[in-house]
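Below is one structure, written out as structure tokens, with a few remarks after it.
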Amino acid sequence: MASFADSLTPTSTLARLLARRGIHYGWVVAAVTFLTMLVTAGAVGAPGVLITPLQREFGWATSDISSALAVRLMLFGLMGPFAAAFMNRFGVRRVAIVALTLIGSGILGSFFMTQLWHLVLLWGIVVGLGTGLTAMVLGATVATRWFANRRGLVLGLLTASTATGQLVFLPLLASLTEQVGWRSALVFVLAMLVVAVVAVLALMRDRPSDIGLAPYGADALVPAPAQAASFGAMLMSPLVALRDASRTHTFWVLFGTFFVCGASTNGLVQTHFVSLCGDYGMAAVTAAGVLAMIGIFDFIGTVGSGWLSDRYDSRWLLFWYYGLRGLSLLYLPFTDFSFYGLSLFAVFYGLDWVATVPPTIKIAADRFGEKSNLVFGWIFAGHQIGAAFAAYGAGFSRTVYQSYLPAFFIAGALCLFAAAFVVTLRGTAMPRLKPVAA
């Protein structure tokens, strides 16, 4: 039960006011988390429109720039398991503040870079660590702690924030980059980071029990679990979770398919799509507009995926998502890079850009229980290892073979393999849904 002091806080007062109107405070926390992940997605996606300007200003090769972005994507994923442990010990709110501050520091420092190692340090390491502290693990943790019902839907909404970040940021960043330069364009990202920090400080809370609430759809308060005995034990907890999970077939299927997911989305398309279209004479703003179209359809697809994962076998959802994504990537080189052809690609590819996340988290939660956020952190690490592999591999292909297309063909084939691999999981019974008041 919350203490008397907790009941007097502005947050608790707001929670009571919302409760009188039939609104659970979990939806406020979900909204703040959505904003945080949206801004983080903008920072992750920004380099996709900066490759060409950096080439022009500094003379760096595509493969050199891609190596820095690969470091960022790698750290983005490898921090996931430890981010979950940090959230368990220090709280979601504190970790989110540190993450947003790190991202802002890396972006601000990049205004003054002159050497390639500056790019690796700032966009690779600093921004990589900052984005890695939030990423998908933040959404999974918030959804698990604050929602007993509608969890799949909330996961879909929070996952869709990455698409929304792309929708909001990339076309604007591309336009600002062309008109006023890439440094001025990044000022917009910094401003949004400040807005997110203020929202987290004012409204984010770690658990429903902090303000005397049960999770949405539950009747009883859920107390915070006992913390690890020491800081060292906390740091070891992700490794212990990995040791236990790695003995299961489920873990390796989810890890392997999420590797393919990362390689076929933010590592490849988000990082190199604008440059790929530039090779075929399409302006950066127009190409970013196609990415925005992908973002629109991904928002629809990912929210729908969350709804579906509450009701249908997640294995078969993943089978269709990976299969359709693979076919769309194999189709891309045959679009002639006309706006009509790319629009058709955007619809089919966009519908499952990150629609794979809700059913993947659902399977992890069903199979790994209380350790699911730590285990999902490692699964997400597989996603970002795949993203780093594709980010560097596509840049290497462009530098050596003067074409991105081999990377897109390989990614499409990997998606078809992932579709076949995921159905080797054994089925699980679907939980009964509880009726929930509006």
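Order determines the names: the first chain of the structure tokens is A, the second B, and so forth; residues in each chain are numbered 1 upward, and ligands are numbered 1 upward as they are shown.
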
Using only C-alpha atoms, I'd like a table of the residues in stretch 167-265 of chain A that come within 9 Å of stretch 351-357 of chain A; for each, show the closest atom pair and its distance in Å rounded to one decimal, ordered by chain and ascending number, as a Markdown table.
```
| residue | atom | partner | partner_atom | distance |
| --- | --- | --- | --- | --- |
| A:Phe258 | CA | A:Thr356 | CA | 8.3 |
| A:Cys261 | CA | A:Thr356 | CA | 7.7 |
| A:Ser264 | CA | A:Trp353 | CA | 8.7 |
| A:Thr265 | CA | A:Trp353 | CA | 6.5 |
```

Quick one: write out the picked residues with all heavy atoms as a PDB file, in the first residue's frame?
```pdb
ATOM      1  N   PHE A 258      14.566 -12.537 -34.395  1.00  0.00           N
ATOM      2  CA  PHE A 258      14.706 -11.109 -34.133  1.00  0.00           C
ATOM      3  C   PHE A 258      15.992 -10.560 -34.738  1.00  0.00           C
ATOM      4  O   PHE A 258      16.069  -9.376 -35.077  1.00  0.00           O
ATOM      5  CB  PHE A 258      14.645 -10.841 -32.627  1.00  0.00           C
ATOM      6  CG  PHE A 258      13.566  -9.859 -32.258  1.00  0.00           C
ATOM      7  CD1 PHE A 258      12.340  -9.866 -32.895  1.00  0.00           C
ATOM      8  CD2 PHE A 258      13.774  -8.919 -31.253  1.00  0.00           C
ATOM      9  CE1 PHE A 258      11.341  -8.967 -32.559  1.00  0.00           C
ATOM     10  CE2 PHE A 258      12.786  -8.011 -30.910  1.00  0.00           C
ATOM     11  CZ  PHE A 258      11.575  -8.029 -31.569  1.00  0.00           C
ATOM     12  N   CYS A 261      14.831  -9.775 -38.004  1.00  0.00           N
ATOM     13  CA  CYS A 261      13.975  -8.597 -37.929  1.00  0.00           C
ATOM     14  C   CYS A 261      14.815  -7.320 -37.961  1.00  0.00           C
ATOM     15  O   CYS A 261      14.538  -6.388 -38.720  1.00  0.00           O
ATOM     16  CB  CYS A 261      13.132  -8.649 -36.659  1.00  0.00           C
ATOM     17  SG  CYS A 261      11.967  -7.284 -36.495  1.00  0.00           S
ATOM     18  N   SER A 264      16.488  -6.632 -41.348  1.00  0.00           N
ATOM     19  CA  SER A 264      15.598  -6.274 -42.449  1.00  0.00           C
ATOM     20  C   SER A 264      14.808  -4.990 -42.197  1.00  0.00           C
ATOM     21  O   SER A 264      13.988  -4.610 -43.024  1.00  0.00           O
ATOM     22  CB  SER A 264      14.621  -7.429 -42.722  1.00  0.00           C
ATOM     23  OG  SER A 264      13.893  -7.763 -41.560  1.00  0.00           O
ATOM     24  N   THR A 265      15.043  -4.311 -41.055  1.00  0.00           N
ATOM     25  CA  THR A 265      14.308  -3.076 -40.766  1.00  0.00           C
ATOM     26  C   THR A 265      15.276  -1.925 -40.519  1.00  0.00           C
ATOM     27  O   THR A 265      15.793  -1.335 -41.461  1.00  0.00           O
ATOM     28  CB  THR A 265      13.344  -3.268 -39.578  1.00  0.00           C
ATOM     29  OG1 THR A 265      14.066  -3.782 -38.446  1.00  0.00           O
ATOM     30  CG2 THR A 265      12.225  -4.214 -39.933  1.00  0.00           C
TER      31      THR A 265
END
```

Need the shell around A:Gln115: protein/DNA/RNA residues with any atom at most 12 Å away, counting only C-alpha atoms. Skip same-chain ones fewer than 6 positions apart. Format as a JSON list (two decimals) with C-alpha atoms, in the first residue's frame?
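What landed in result30.json:
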```json
[["chain", "number", "residue", "atom", "x", "y", "z"],
["A", 54, "LEU", "CA", 28.38, 13.85, -44.02],
["A", 57, "GLU", "CA", 31.22, 17.77, -45.85],
["A", 58, "PHE", "CA", 33.91, 15.37, -44.63],
["A", 59, "GLY", "CA", 34.58, 13.09, -47.62],
["A", 60, "TRP", "CA", 33.94, 9.94, -45.61],
["A", 64, "ASP", "CA", 33.12, 4.34, -42.90],
["A", 65, "ILE", "CA", 29.93, 6.14, -41.86],
["A", 68, "ALA", "CA", 29.85, 4.15, -36.80],
["A", 121, "LEU", "CA", 32.39, 8.05, -30.32],
["A", 122, "LEU", "CA", 29.36, 10.37, -30.40]]
```

Any idea what's packed within 7 Å of A:Leu318, counting only C-alpha atoms, ignoring anything in its chain fewer than 5 positions away? Could you give it as a list of chain:residue names?
A:Thr356, A:Pro359, A:Ala419, A:Val422

Counting only C-alpha atoms, give me one row per residue of stretch 219-328 of chain A with an atom at most 10 Å from an atom of stretch 171-184 of chain A, showing the shortest contact pair and its distance in Å to one decimal, sorted by chain then residue number, as JSON lines.
```
{"residue": "A:Val274", "atom": "CA", "partner": "A:Ala174", "partner_atom": "CA", "distance": 9.4}
{"residue": "A:Ala283", "atom": "CA", "partner": "A:Ala174", "partner_atom": "CA", "distance": 9.6}
{"residue": "A:Ala284", "atom": "CA", "partner": "A:Ala174", "partner_atom": "CA", "distance": 6.4}
{"residue": "A:Val285", "atom": "CA", "partner": "A:Ala174", "partner_atom": "CA", "distance": 5.4}
{"residue": "A:Thr286", "atom": "CA", "partner": "A:Pro171", "partner_atom": "CA", "distance": 8.0}
{"residue": "A:Ala287", "atom": "CA", "partner": "A:Pro171", "partner_atom": "CA", "distance": 8.4}
{"residue": "A:Ala288", "atom": "CA", "partner": "A:Pro171", "partner_atom": "CA", "distance": 4.9}
{"residue": "A:Gly289", "atom": "CA", "partner": "A:Pro171", "partner_atom": "CA", "distance": 5.6}
{"residue": "A:Val290", "atom": "CA", "partner": "A:Pro171", "partner_atom": "CA", "distance": 8.9}
{"residue": "A:Leu291", "atom": "CA", "partner": "A:Pro171", "partner_atom": "CA", "distance": 8.0}
{"residue": "A:Ala292", "atom": "CA", "partner": "A:Pro171", "partner_atom": "CA", "distance": 6.8}
```

Would you pick out the contacts of A:Ala245 at 12 Å or less, using only C-alpha atoms, so that residues sharing its chain but fewer than 3 positions from it are not included, and give the list as a list in words?
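Residues near the query, excluding close chain neighbours: Pro238, Leu239, Val240, Ala241, Leu242, Thr248, His249, Thr250, Phe251, Trp252, Val253, Leu254, Phe255, Ala364, Arg367, Phe368, Gly369, Lys371, Ser372, Asn373, Leu374, Val375, Phe376, Gly377, Trp378 and Ile379 of chain A.
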
When distances are computed from only C-alpha atoms, which of A:Leu342, A:Ala43, A:Ile361, A:Ala83 shows the smallest separation from A:Ser314?
A:Ile361

Residues near A:Gly412, anyone? I mean within 8 Å using only C-alpha atoms, not counting same-chain ones fewer than 5 positions away, as an MDAnalysis selection string.
chainID A and resid 264 325:330
